[in-house]
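J.: Input: one structure, supplied below.
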Amino acid sequence: MTADLFQHIGDLRPSPEAMVEGAVLLRGFVRPVEAELIAALRAIIQQAPFRHMETPGGHRMSVAMTNCGGFGWVTDRSGYRYDALDPCSGKPWPSMPPVFRELAAQAADCAGFAQFAPDACLINRYAPGARMSLHQDRDEIDFSNPIVSVSLGLPAIFLFGGLKRSDKPQRFRLAHGDVVVWGGPSRLFFHGVAPLADGEHGLLGRQRINLTFRKAR
Ligand code: MD6
Ligand code: FE
């Protein structure tokens, strides 16, 4: 009887799985708000369309990006930074919808980070073949805040290395609806995404969309 009850609670909100030190995977965490989240996402990309940004080294990124929230992450020939304005429109980024903010705060809370209040949400779109090379996320001011990462659409292989670029990455499959909360000892670990395998997702088609919530300032 009690075991049955826990089984059902487990189905609704699966327990966090450890990935590496300080990072947990909440499988299917998005499911209860999936439709609302995708509707809000479509509204954002109408206001601030996906675009392929340029790295400081002059390479066009295979991942297309946009942002919502008070600050957006941007890259161009002059470097990486957070900017309150969308360089394509000159206007502020679309505001962060409550369903985004609440989902990120709840996931962070489940992972032991109370009161997470993101002011930036970077939205990445991967078409088949797009990838993200190993990097550290270090443009935020205070590394005591976690990053909350939401995966939608086609599954991807997430690469999780260590503090050195040369540390051999572990591989994790992230599927539609999964959330990773990442902070503490691994906050500055190198990470990336392997080239996206082709496929067709029932709701989002031939793409993967990743949302990363940060406290930038
Ligand atoms: C992605 N994510 O999953 C790329 N960074 O598309 C990231 O680069 C990332 O998922 C920091 C924390 C979580 C992430
Ligand atoms: Fe990153």
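Naming works like this for the structure tokens: A, B, ... for the chains as they're shown, residue 1 at the start of each chain, ligands 1 onward in shown order.
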Run DSSP on the backbone and tell me which residues of range 10-172 of chain A come out as helix (DSSP H, G or I); list them as a PDB file with all heavy atoms, in the first residue's frame.

T.:
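The resulting file, part.pdb, is shown below:
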ATOM      1  N   GLY A  10       6.412   8.931  -7.286  1.00  0.00           N
ATOM      2  CA  GLY A  10       7.618   8.839  -8.108  1.00  0.00           C
ATOM      3  C   GLY A  10       7.326   9.076  -9.580  1.00  0.00           C
ATOM      4  O   GLY A  10       8.100   9.709 -10.280  1.00  0.00           O
ATOM      5  N   ASP A  11       6.165   8.598 -10.067  1.00  0.00           N
ATOM      6  CA  ASP A  11       5.805   8.801 -11.470  1.00  0.00           C
ATOM      7  C   ASP A  11       5.628  10.278 -11.781  1.00  0.00           C
ATOM      8  O   ASP A  11       5.954  10.733 -12.873  1.00  0.00           O
ATOM      9  CB  ASP A  11       4.482   8.094 -11.787  1.00  0.00           C
ATOM     10  CG  ASP A  11       4.657   6.580 -11.845  1.00  0.00           C
ATOM     11  OD1 ASP A  11       5.822   6.134 -11.881  1.00  0.00           O
ATOM     12  OD2 ASP A  11       3.645   5.868 -11.847  1.00  0.00           O
ATOM     13  N   LEU A  12       5.080  11.034 -10.832  1.00  0.00           N
ATOM     14  CA  LEU A  12       4.801  12.446 -11.075  1.00  0.00           C
ATOM     15  C   LEU A  12       6.074  13.280 -11.040  1.00  0.00           C
ATOM     16  O   LEU A  12       6.304  14.118 -11.885  1.00  0.00           O
ATOM     17  CB  LEU A  12       3.813  12.980 -10.029  1.00  0.00           C
ATOM     18  CG  LEU A  12       2.400  12.424 -10.177  1.00  0.00           C
ATOM     19  CD1 LEU A  12       1.530  12.841  -9.010  1.00  0.00           C
ATOM     20  CD2 LEU A  12       1.786  12.921 -11.481  1.00  0.00           C
ATOM     21  N   ARG A  31       7.084  17.843 -17.945  1.00  0.00           N
ATOM     22  CA  ARG A  31       5.818  17.284 -18.440  1.00  0.00           C
ATOM     23  C   ARG A  31       4.552  18.006 -17.980  1.00  0.00           C
ATOM     24  O   ARG A  31       3.695  18.313 -18.811  1.00  0.00           O
ATOM     25  CB  ARG A  31       5.720  15.788 -18.121  1.00  0.00           C
ATOM     26  CG  ARG A  31       6.709  14.942 -18.908  1.00  0.00           C
ATOM     27  CD  ARG A  31       6.419  14.959 -20.386  1.00  0.00           C
ATOM     28  NE  ARG A  31       7.340  14.091 -21.128  1.00  0.00           N
ATOM     29  CZ  ARG A  31       7.148  13.689 -22.363  1.00  0.00           C
ATOM     30  NH1 ARG A  31       6.075  14.089 -23.028  1.00  0.00           N
ATOM     31  NH2 ARG A  31       8.030  12.923 -22.959  1.00  0.00           N
ATOM     32  N   PRO A  32       4.391  18.299 -16.667  1.00  0.00           N
ATOM     33  CA  PRO A  32       3.132  18.929 -16.237  1.00  0.00           C
ATOM     34  C   PRO A  32       2.857  20.301 -16.873  1.00  0.00           C
ATOM     35  O   PRO A  32       1.711  20.719 -16.927  1.00  0.00           O
ATOM     36  CB  PRO A  32       3.293  19.056 -14.710  1.00  0.00           C
ATOM     37  CG  PRO A  32       4.342  18.055 -14.343  1.00  0.00           C
ATOM     38  CD  PRO A  32       5.264  17.978 -15.526  1.00  0.00           C
ATOM     39  N   VAL A  33       3.901  21.009 -17.335  1.00  0.00           N
ATOM     40  CA  VAL A  33       3.690  22.352 -17.907  1.00  0.00           C
ATOM     41  C   VAL A  33       4.132  22.439 -19.367  1.00  0.00           C
ATOM     42  O   VAL A  33       4.257  23.538 -19.924  1.00  0.00           O
ATOM     43  CB  VAL A  33       4.418  23.445 -17.077  1.00  0.00           C
ATOM     44  CG1 VAL A  33       3.804  23.547 -15.684  1.00  0.00           C
ATOM     45  CG2 VAL A  33       5.913  23.214 -16.999  1.00  0.00           C
ATOM     46  N   GLU A  34       4.332  21.277 -19.984  1.00  0.00           N
ATOM     47  CA  GLU A  34       4.884  21.211 -21.339  1.00  0.00           C
ATOM     48  C   GLU A  34       4.134  22.096 -22.356  1.00  0.00           C
ATOM     49  O   GLU A  34       4.760  22.885 -23.091  1.00  0.00           O
ATOM     50  CB  GLU A  34       4.853  19.745 -21.739  1.00  0.00           C
ATOM     51  CG  GLU A  34       5.023  19.427 -23.164  1.00  0.00           C
ATOM     52  CD  GLU A  34       4.824  17.927 -23.372  1.00  0.00           C
ATOM     53  OE1 GLU A  34       5.818  17.200 -23.266  1.00  0.00           O
ATOM     54  OE2 GLU A  34       3.689  17.497 -23.627  1.00  0.00           O
ATOM     55  N   ALA A  35       2.808  22.005 -22.387  1.00  0.00           N
ATOM     56  CA  ALA A  35       2.039  22.732 -23.411  1.00  0.00           C
ATOM     57  C   ALA A  35       2.152  24.243 -23.202  1.00  0.00           C
ATOM     58  O   ALA A  35       2.363  25.002 -24.159  1.00  0.00           O
ATOM     59  CB  ALA A  35       0.575  22.293 -23.384  1.00  0.00           C
ATOM     60  N   GLU A  36       2.044  24.637 -21.948  1.00  0.00           N
ATOM     61  CA  GLU A  36       2.136  26.067 -21.603  1.00  0.00           C
ATOM     62  C   GLU A  36       3.532  26.611 -21.934  1.00  0.00           C
ATOM     63  O   GLU A  36       3.689  27.724 -22.457  1.00  0.00           O
ATOM     64  CB  GLU A  36       1.887  26.170 -20.097  1.00  0.00           C
ATOM     65  CG  GLU A  36       1.202  27.433 -19.647  1.00  0.00           C
ATOM     66  CD  GLU A  36       1.198  27.538 -18.126  1.00  0.00           C
ATOM     67  OE1 GLU A  36       1.056  26.486 -17.447  1.00  0.00           O
ATOM     68  OE2 GLU A  36       1.359  28.655 -17.627  1.00  0.00           O
ATOM     69  N   LEU A  37       4.537  25.808 -21.642  1.00  0.00           N
ATOM     70  CA  LEU A  37       5.920  26.219 -21.889  1.00  0.00           C
ATOM     71  C   LEU A  37       6.171  26.402 -23.393  1.00  0.00           C
ATOM     72  O   LEU A  37       6.776  27.386 -23.828  1.00  0.00           O
ATOM     73  CB  LEU A  37       6.856  25.153 -21.323  1.00  0.00           C
ATOM     74  CG  LEU A  37       8.319  25.547 -21.207  1.00  0.00           C
ATOM     75  CD1 LEU A  37       8.555  26.306 -19.914  1.00  0.00           C
ATOM     76  CD2 LEU A  37       9.215  24.322 -21.239  1.00  0.00           C
ATOM     77  N   ILE A  38       5.678  25.469 -24.197  1.00  0.00           N
ATOM     78  CA  ILE A  38       5.911  25.543 -25.638  1.00  0.00           C
ATOM     79  C   ILE A  38       5.139  26.713 -26.251  1.00  0.00           C
ATOM     80  O   ILE A  38       5.653  27.416 -27.128  1.00  0.00           O
ATOM     81  CB  ILE A  38       5.583  24.186 -26.315  1.00  0.00           C
ATOM     82  CG1 ILE A  38       6.628  23.146 -25.879  1.00  0.00           C
ATOM     83  CG2 ILE A  38       5.562  24.311 -27.839  1.00  0.00           C
ATOM     84  CD1 ILE A  38       6.347  21.728 -26.343  1.00  0.00           C
ATOM     85  N   ALA A  39       3.942  26.983 -25.752  1.00  0.00           N
ATOM     86  CA  ALA A  39       3.183  28.148 -26.239  1.00  0.00           C
ATOM     87  C   ALA A  39       3.942  29.448 -25.933  1.00  0.00           C
ATOM     88  O   ALA A  39       4.053  30.336 -26.787  1.00  0.00           O
ATOM     89  CB  ALA A  39       1.792  28.168 -25.616  1.00  0.00           C
ATOM     90  N   ALA A  40       4.479  29.543 -24.733  1.00  0.00           N
ATOM     91  CA  ALA A  40       5.231  30.749 -24.342  1.00  0.00           C
ATOM     92  C   ALA A  40       6.503  30.884 -25.186  1.00  0.00           C
ATOM     93  O   ALA A  40       6.884  31.989 -25.592  1.00  0.00           O
ATOM     94  CB  ALA A  40       5.566  30.700 -22.853  1.00  0.00           C
ATOM     95  N   LEU A  41       7.132  29.744 -25.471  1.00  0.00           N
ATOM     96  CA  LEU A  41       8.335  29.738 -26.296  1.00  0.00           C
ATOM     97  C   LEU A  41       8.032  30.258 -27.710  1.00  0.00           C
ATOM     98  O   LEU A  41       8.779  31.080 -28.266  1.00  0.00           O
ATOM     99  CB  LEU A  41       8.877  28.309 -26.347  1.00  0.00           C
ATOM    100  CG  LEU A  41      10.071  28.024 -27.223  1.00  0.00           C
ATOM    101  CD1 LEU A  41      11.298  28.775 -26.707  1.00  0.00           C
ATOM    102  CD2 LEU A  41      10.359  26.523 -27.258  1.00  0.00           C
ATOM    103  N   ARG A  42       6.906  29.822 -28.292  1.00  0.00           N
ATOM    104  CA  ARG A  42       6.556  30.269 -29.643  1.00  0.00           C
ATOM    105  C   ARG A  42       6.339  31.778 -29.676  1.00  0.00           C
ATOM    106  O   ARG A  42       6.718  32.456 -30.647  1.00  0.00           O
ATOM    107  CB  ARG A  42       5.300  29.536 -30.133  1.00  0.00           C
ATOM    108  CG  ARG A  42       5.525  28.036 -30.359  1.00  0.00           C
ATOM    109  CD  ARG A  42       4.393  27.422 -31.186  1.00  0.00           C
ATOM    110  NE  ARG A  42       4.306  25.966 -31.079  1.00  0.00           N
ATOM    111  CZ  ARG A  42       5.114  25.106 -31.695  1.00  0.00           C
ATOM    112  NH1 ARG A  42       6.085  25.548 -32.469  1.00  0.00           N
ATOM    113  NH2 ARG A  42       4.956  23.800 -31.528  1.00  0.00           N
ATOM    114  N   ALA A  43       5.752  32.332 -28.624  1.00  0.00           N
ATOM    115  CA  ALA A  43       5.533  33.785 -28.567  1.00  0.00           C
ATOM    116  C   ALA A  43       6.868  34.528 -28.506  1.00  0.00           C
ATOM    117  O   ALA A  43       7.044  35.572 -29.150  1.00  0.00           O
ATOM    118  CB  ALA A  43       4.653  34.135 -27.367  1.00  0.00           C
ATOM    119  N   ILE A  44       7.823  33.985 -27.759  1.00  0.00           N
ATOM    120  CA  ILE A  44       9.139  34.642 -27.645  1.00  0.00           C
ATOM    121  C   ILE A  44       9.844  34.671 -28.993  1.00  0.00           C
ATOM    122  O   ILE A  44      10.376  35.706 -29.404  1.00  0.00           O
ATOM    123  CB  ILE A  44      10.014  33.907 -26.599  1.00  0.00           C
ATOM    124  CG1 ILE A  44       9.464  34.163 -25.191  1.00  0.00           C
ATOM    125  CG2 ILE A  44      11.475  34.355 -26.696  1.00  0.00           C
ATOM    126  CD1 ILE A  44      10.000  33.214 -24.150  1.00  0.00           C
ATOM    127  N   ILE A  45       9.821  33.540 -29.716  1.00  0.00           N
ATOM    128  CA  ILE A  45      10.597  33.514 -30.957  1.00  0.00           C
ATOM    129  C   ILE A  45       9.937  34.309 -32.081  1.00  0.00           C
ATOM    130  O   ILE A  45      10.588  34.627 -33.069  1.00  0.00           O
ATOM    131  CB  ILE A  45      10.998  32.080 -31.371  1.00  0.00           C
ATOM    132  CG1 ILE A  45       9.801  31.200 -31.629  1.00  0.00           C
ATOM    133  CG2 ILE A  45      11.868  31.445 -30.319  1.00  0.00           C
ATOM    134  CD1 ILE A  45      10.149  29.742 -31.813  1.00  0.00           C
ATOM    135  N   GLN A  46       8.672  34.675 -31.894  1.00  0.00           N
ATOM    136  CA  GLN A  46       8.082  35.629 -32.848  1.00  0.00           C
ATOM    137  C   GLN A  46       8.639  37.032 -32.625  1.00  0.00           C
ATOM    138  O   GLN A  46       8.850  37.788 -33.578  1.00  0.00           O
ATOM    139  CB  GLN A  46       6.567  35.652 -32.686  1.00  0.00           C
ATOM    140  CG  GLN A  46       5.936  34.331 -33.107  1.00  0.00           C
ATOM    141  CD  GLN A  46       4.585  34.503 -33.758  1.00  0.00           C
ATOM    142  OE1 GLN A  46       3.853  35.433 -33.440  1.00  0.00           O
ATOM    143  NE2 GLN A  46       4.261  33.619 -34.676  1.00  0.00           N
ATOM    144  N   GLN A  47       8.881  37.377 -31.353  1.00  0.00           N
ATOM    145  CA  GLN A  47       9.404  38.711 -31.034  1.00  0.00           C
ATOM    146  C   GLN A  47      10.906  38.801 -31.247  1.00  0.00           C
ATOM    147  O   GLN A  47      11.421  39.838 -31.644  1.00  0.00           O
ATOM    148  CB  GLN A  47       9.152  39.047 -29.560  1.00  0.00           C
ATOM    149  CG  GLN A  47       7.725  39.343 -29.188  1.00  0.00           C
ATOM    150  CD  GLN A  47       7.626  39.497 -27.665  1.00  0.00           C
ATOM    151  OE1 GLN A  47       7.118  38.615 -26.973  1.00  0.00           O
ATOM    152  NE2 GLN A  47       8.151  40.600 -27.147  1.00  0.00           N
ATOM    153  N   PRO A  98       6.133  33.844 -16.740  1.00  0.00           N
ATOM    154  CA  PRO A  98       6.043  33.218 -15.413  1.00  0.00           C
ATOM    155  C   PRO A  98       6.237  31.704 -15.449  1.00  0.00           C
ATOM    156  O   PRO A  98       6.904  31.156 -14.570  1.00  0.00           O
ATOM    157  CB  PRO A  98       4.646  33.598 -14.937  1.00  0.00           C
ATOM    158  CG  PRO A  98       4.360  34.894 -15.644  1.00  0.00           C
ATOM    159  CD  PRO A  98       5.033  34.784 -16.981  1.00  0.00           C
ATOM    160  N   VAL A  99       5.706  31.016 -16.471  1.00  0.00           N
ATOM    161  CA  VAL A  99       5.861  29.546 -16.508  1.00  0.00           C
ATOM    162  C   VAL A  99       7.337  29.154 -16.638  1.00  0.00           C
ATOM    163  O   VAL A  99       7.767  28.140 -16.068  1.00  0.00           O
ATOM    164  CB  VAL A  99       5.000  28.902 -17.629  1.00  0.00           C
ATOM    165  CG1 VAL A  99       5.405  29.360 -19.015  1.00  0.00           C
ATOM    166  CG2 VAL A  99       5.033  27.376 -17.561  1.00  0.00           C
ATOM    167  N   PHE A 100       8.132  29.957 -17.331  1.00  0.00           N
ATOM    168  CA  PHE A 100       9.582  29.706 -17.418  1.00  0.00           C
ATOM    169  C   PHE A 100      10.222  29.875 -16.033  1.00  0.00           C
ATOM    170  O   PHE A 100      10.949  29.025 -15.556  1.00  0.00           O
ATOM    171  CB  PHE A 100      10.249  30.711 -18.375  1.00  0.00           C
ATOM    172  CG  PHE A 100      10.202  30.357 -19.840  1.00  0.00           C
ATOM    173  CD1 PHE A 100       9.079  29.794 -20.422  1.00  0.00           C
ATOM    174  CD2 PHE A 100      11.299  30.635 -20.656  1.00  0.00           C
ATOM    175  CE1 PHE A 100       9.052  29.501 -21.786  1.00  0.00           C
ATOM    176  CE2 PHE A 100      11.291  30.345 -22.011  1.00  0.00           C
ATOM    177  CZ  PHE A 100      10.163  29.780 -22.570  1.00  0.00           C
ATOM    178  N   ARG A 101       9.940  31.051 -15.456  1.00  0.00           N
ATOM    179  CA  ARG A 101      10.589  31.397 -14.181  1.00  0.00           C
ATOM    180  C   ARG A 101      10.233  30.381 -13.103  1.00  0.00           C
ATOM    181  O   ARG A 101      11.093  29.929 -12.344  1.00  0.00           O
ATOM    182  CB  ARG A 101      10.130  32.793 -13.756  1.00  0.00           C
ATOM    183  CG  ARG A 101      11.197  33.593 -13.094  1.00  0.00           C
ATOM    184  CD  ARG A 101      10.784  35.021 -12.734  1.00  0.00           C
ATOM    185  NE  ARG A 101       9.850  35.664 -13.618  1.00  0.00           N
ATOM    186  CZ  ARG A 101       8.580  35.931 -13.295  1.00  0.00           C
ATOM    187  NH1 ARG A 101       8.081  35.571 -12.127  1.00  0.00           N
ATOM    188  NH2 ARG A 101       7.811  36.566 -14.168  1.00  0.00           N
ATOM    189  N   GLU A 102       8.944  30.015 -13.041  1.00  0.00           N
ATOM    190  CA  GLU A 102       8.491  29.104 -11.989  1.00  0.00           C
ATOM    191  C   GLU A 102       9.068  27.699 -12.170  1.00  0.00           C
ATOM    192  O   GLU A 102       9.471  27.056 -11.200  1.00  0.00           O
ATOM    193  CB  GLU A 102       6.960  29.082 -11.935  1.00  0.00           C
ATOM    194  CG  GLU A 102       6.427  30.347 -11.277  1.00  0.00           C
ATOM    195  CD  GLU A 102       4.988  30.696 -11.668  1.00  0.00           C
ATOM    196  OE1 GLU A 102       4.259  29.791 -12.141  1.00  0.00           O
ATOM    197  OE2 GLU A 102       4.613  31.881 -11.522  1.00  0.00           O
ATOM    198  N   LEU A 103       9.117  27.235 -13.419  1.00  0.00           N
ATOM    199  CA  LEU A 103       9.699  25.914 -13.677  1.00  0.00           C
ATOM    200  C   LEU A 103      11.168  25.881 -13.230  1.00  0.00           C
ATOM    201  O   LEU A 103      11.613  24.933 -12.565  1.00  0.00           O
ATOM    202  CB  LEU A 103       9.604  25.575 -15.164  1.00  0.00           C
ATOM    203  CG  LEU A 103      10.224  24.239 -15.566  1.00  0.00           C
ATOM    204  CD1 LEU A 103       9.364  23.066 -15.104  1.00  0.00           C
ATOM    205  CD2 LEU A 103      10.451  24.156 -17.069  1.00  0.00           C
ATOM    206  N   ALA A 104      11.917  26.915 -13.588  1.00  0.00           N
ATOM    207  CA  ALA A 104      13.346  26.965 -13.231  1.00  0.00           C
ATOM    208  C   ALA A 104      13.521  27.006 -11.714  1.00  0.00           C
ATOM    209  O   ALA A 104      14.374  26.300 -11.159  1.00  0.00           O
ATOM    210  CB  ALA A 104      14.009  28.179 -13.883  1.00  0.00           C
ATOM    211  N   ALA A 105      12.699  27.806 -11.041  1.00  0.00           N
ATOM    212  CA  ALA A 105      12.819  27.919  -9.582  1.00  0.00           C
ATOM    213  C   ALA A 105      12.461  26.597  -8.906  1.00  0.00           C
ATOM    214  O   ALA A 105      13.129  26.175  -7.954  1.00  0.00           O
ATOM    215  CB  ALA A 105      11.944  29.054  -9.072  1.00  0.00           C
ATOM    216  N   GLN A 106      11.431  25.921  -9.413  1.00  0.00           N
ATOM    217  CA  GLN A 106      11.028  24.635  -8.807  1.00  0.00           C
ATOM    218  C   GLN A 106      12.089  23.562  -9.008  1.00  0.00           C
ATOM    219  O   GLN A 106      12.370  22.773  -8.110  1.00  0.00           O
ATOM    220  CB  GLN A 106       9.717  24.139  -9.423  1.00  0.00           C
ATOM    221  CG  GLN A 106       8.496  24.833  -8.849  1.00  0.00           C
ATOM    222  CD  GLN A 106       7.211  24.391  -9.557  1.00  0.00           C
ATOM    223  OE1 GLN A 106       7.173  23.347 -10.214  1.00  0.00           O
ATOM    224  NE2 GLN A 106       6.176  25.200  -9.421  1.00  0.00           N
ATOM    225  N   ALA A 107      12.663  23.535 -10.195  1.00  0.00           N
ATOM    226  CA  ALA A 107      13.714  22.540 -10.453  1.00  0.00           C
ATOM    227  C   ALA A 107      14.922  22.811  -9.556  1.00  0.00           C
ATOM    228  O   ALA A 107      15.479  21.884  -8.956  1.00  0.00           O
ATOM    229  CB  ALA A 107      14.117  22.568 -11.928  1.00  0.00           C
ATOM    230  N   ALA A 108      15.319  24.078  -9.462  1.00  0.00           N
ATOM    231  CA  ALA A 108      16.463  24.425  -8.607  1.00  0.00           C
ATOM    232  C   ALA A 108      16.172  24.022  -7.167  1.00  0.00           C
ATOM    233  O   ALA A 108      17.022  23.438  -6.483  1.00  0.00           O
ATOM    234  CB  ALA A 108      16.764  25.921  -8.701  1.00  0.00           C
ATOM    235  N   ASP A 109      14.968  24.277  -6.720  1.00  0.00           N
ATOM    236  CA  ASP A 109      14.567  23.934  -5.352  1.00  0.00           C
ATOM    237  C   ASP A 109      14.696  22.421  -5.119  1.00  0.00           C
ATOM    238  O   ASP A 109      15.221  21.989  -4.095  1.00  0.00           O
ATOM    239  CB  ASP A 109      13.138  24.419  -5.127  1.00  0.00           C
ATOM    240  CG  ASP A 109      12.796  24.463  -3.651  1.00  0.00           C
ATOM    241  OD1 ASP A 109      13.423  25.257  -2.927  1.00  0.00           O
ATOM    242  OD2 ASP A 109      11.944  23.654  -3.233  1.00  0.00           O
ATOM    243  N   CYS A 110      14.237  21.637  -6.080  1.00  0.00           N
ATOM    244  CA  CYS A 110      14.341  20.170  -5.968  1.00  0.00           C
ATOM    245  C   CYS A 110      15.784  19.715  -5.864  1.00  0.00           C
ATOM    246  O   CYS A 110      16.061  18.639  -5.335  1.00  0.00           O
ATOM    247  CB  CYS A 110      13.717  19.478  -7.179  1.00  0.00           C
ATOM    248  SG  CYS A 110      11.948  19.477  -7.147  1.00  0.00           S
TER     249      CYS A 110
END

J.: Could you list, as a list of chain:residue names, all protein and nucleic acid residues with an atom at most 10 Å from ligand 2, counting only C-alpha atoms and all ligand atoms?

T.: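 Residues satisfying the distance criterion: A:Leu122, A:Met132, A:Ser133, A:Leu134, A:His135, A:Gln136, A:Asp137, A:Arg138, A:Ile147, A:Ser149, A:Arg187, A:Leu188, A:Phe189, A:Phe190, A:His191, A:Gly192, A:Val193, A:Thr212.
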
J.: For the selection you just gave me, I'd like the residues written to a file as an mmCIF file, in the first residue's frame, keeping N, CA and C atoms.

T.:
data_model
loop_
_atom_site.group_PDB
_atom_site.id
_atom_site.type_symbol
_atom_site.label_atom_id
_atom_site.label_comp_id
_atom_site.auth_asym_id
_atom_site.auth_seq_id
_atom_site.Cartn_x
_atom_site.Cartn_y
_atom_site.Cartn_z
ATOM 1 N N LEU A 122 18.777 31.786 -21.955
ATOM 2 C CA LEU A 122 19.324 31.583 -23.297
ATOM 3 C C LEU A 122 18.583 30.418 -23.941
ATOM 4 N N MET A 132 27.534 21.754 -30.002
ATOM 5 C CA MET A 132 28.123 22.810 -29.167
ATOM 6 C C MET A 132 29.443 22.285 -28.664
ATOM 7 N N SER A 133 30.529 22.963 -29.020
ATOM 8 C CA SER A 133 31.834 22.447 -28.606
ATOM 9 C C SER A 133 32.049 22.703 -27.112
ATOM 10 N N LEU A 134 33.030 21.993 -26.542
ATOM 11 C CA LEU A 134 33.271 22.074 -25.097
ATOM 12 C C LEU A 134 33.563 23.510 -24.689
ATOM 13 N N HIS A 135 32.902 23.957 -23.634
ATOM 14 C CA HIS A 135 33.084 25.333 -23.143
ATOM 15 C C HIS A 135 32.776 25.372 -21.651
ATOM 16 N N GLN A 136 33.140 26.481 -21.017
ATOM 17 C CA GLN A 136 32.722 26.751 -19.642
ATOM 18 C C GLN A 136 31.721 27.895 -19.672
ATOM 19 N N ASP A 137 30.782 27.904 -18.736
ATOM 20 C CA ASP A 137 29.861 29.039 -18.614
ATOM 21 C C ASP A 137 30.438 29.945 -17.532
ATOM 22 N N ARG A 138 31.045 31.042 -17.967
ATOM 23 C CA ARG A 138 31.722 31.893 -16.974
ATOM 24 C C ARG A 138 31.469 33.366 -17.199
ATOM 25 N N ILE A 147 22.832 26.796 -12.725
ATOM 26 C CA ILE A 147 22.205 26.980 -14.032
ATOM 27 C C ILE A 147 21.156 25.876 -14.147
ATOM 28 N N SER A 149 18.873 23.861 -16.872
ATOM 29 C CA SER A 149 18.863 23.579 -18.307
ATOM 30 C C SER A 149 17.690 22.670 -18.655
ATOM 31 N N ARG A 187 30.274 23.723 -11.283
ATOM 32 C CA ARG A 187 29.726 24.908 -11.964
ATOM 33 C C ARG A 187 30.601 25.357 -13.147
ATOM 34 N N LEU A 188 31.921 25.161 -13.019
ATOM 35 C CA LEU A 188 32.814 25.622 -14.096
ATOM 36 C C LEU A 188 33.373 24.463 -14.930
ATOM 37 N N PHE A 189 32.731 23.311 -14.879
ATOM 38 C CA PHE A 189 33.188 22.174 -15.684
ATOM 39 C C PHE A 189 32.943 22.439 -17.177
ATOM 40 N N PHE A 190 33.877 21.968 -17.995
ATOM 41 C CA PHE A 190 33.690 22.031 -19.451
ATOM 42 C C PHE A 190 32.538 21.110 -19.853
ATOM 43 N N HIS A 191 31.764 21.547 -20.833
ATOM 44 C CA HIS A 191 30.619 20.755 -21.287
ATOM 45 C C HIS A 191 30.285 21.134 -22.719
ATOM 46 N N GLY A 192 29.498 20.273 -23.375
ATOM 47 C CA GLY A 192 29.112 20.540 -24.756
ATOM 48 C C GLY A 192 28.014 19.578 -25.177
ATOM 49 N N VAL A 193 27.653 19.655 -26.447
ATOM 50 C CA VAL A 193 26.595 18.802 -26.985
ATOM 51 C C VAL A 193 27.117 18.171 -28.281
ATOM 52 N N THR A 212 18.509 27.569 -21.138
ATOM 53 C CA THR A 212 19.341 27.613 -19.928
ATOM 54 C C THR A 212 19.041 28.889 -19.167
#

J.: DSSP on the backbone, strand (DSSP E) only: what residues of range 66-177 of chain A does that give? Format it as a ChimeraX atom specification.

T.: /A:66-68,72-76,79-83,120-126,132-135,147-153,156-160,170-174

J.: Please determine, counting only C-alpha atoms, which residue among A:Pro195, A:Tyr82, A:Lys215, A:Val20 has the shortest atom-to-atom distance to Gln115 in chain A.

T.: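 Among the listed residues, A:Lys215 lies closest to Gln115 in chain A.
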
J.: Compare A:Trp182, A:Gly199, A:Ala64, A:Pro49 by their minimum atom-to-atom distance to Phe143 in chain A, counting only C-alpha atoms, and give me the closest one.

T.: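 Once distances to Phe143 in chain A are computed over only C-alpha atoms, the minimum belongs to A:Trp182.
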
J.: Write out as a PyMOL selection string which residues come within 12 Å of Leu211 in chain A when counting only C-alpha atoms, dropping same-chain ones fewer than 4 positions away.

T.: chain A and resi 30+37-38+41+65-69+72-73+96+100-101+103-104+118+120-126+147-153+176-181

J.: Would you pick out the contacts of Pro128 in chain A at 7 Å or less, using only C-alpha atoms, so that residues sharing its chain but fewer than 5 positions from it are not included, and give the list as a list in words?

T.: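 Residues near the query, excluding close chain neighbours: Leu196, Ala197, Asp198 and Gln207 of chain A.
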
J.: Give me the residues near Ser186 in chain A as a PyMOL selection string, where near means some atom within 10 Å (using only C-alpha atoms) and where sequence neighbours in that chain fewer than 6 positions away do not count.

T.: chain A and resi 20-23+146+160-163

J.: With C-alpha atoms retained, export the selected residues as a PDB file, in the first residue's frame.

T.:
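File produced: again-v1.pdb:
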ATOM      1  CA  VAL A  20      28.553  14.619 -11.786  1.00  0.00           C
ATOM      2  CA  GLU A  21      29.284  16.395  -8.482  1.00  0.00           C
ATOM      3  CA  GLY A  22      26.806  19.258  -8.118  1.00  0.00           C
ATOM      4  CA  ALA A  23      24.691  18.376 -11.164  1.00  0.00           C
ATOM      5  CA  PRO A 146      23.148  27.224 -10.356  1.00  0.00           C
ATOM      6  CA  PHE A 160      30.201  16.628 -19.247  1.00  0.00           C
ATOM      7  CA  GLY A 161      33.936  16.992 -18.660  1.00  0.00           C
ATOM      8  CA  GLY A 162      35.919  18.500 -15.797  1.00  0.00           C
ATOM      9  CA  LEU A 163      37.744  21.686 -14.877  1.00  0.00           C
TER      10      LEU A 163
END

J.: Interatomic distance between CA of Asp119 in chain A and CA of Gly70 in chain A?

T.: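 Separating CA of Asp119 in chain A from CA of Gly70 in chain A is a distance of 5.4 Å.
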
J.: Calculated over only C-alpha atoms, which of the candidates A:Phe71, A:Ser166, A:Arg77, A:Glu54 has the smallest distance to Pro92 in chain A?

T.: A:Phe71

J.: Considering only C-alpha atoms and all ligand atoms, state which residue in the set A:His201, A:Arg131, A:Arg206, A:Arg171 is at the smallest distance from ligand 1.

T.: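 Ranking A:His201, A:Arg131, A:Arg206, A:Arg171 by distance to ligand 1, first place goes to A:Arg131.
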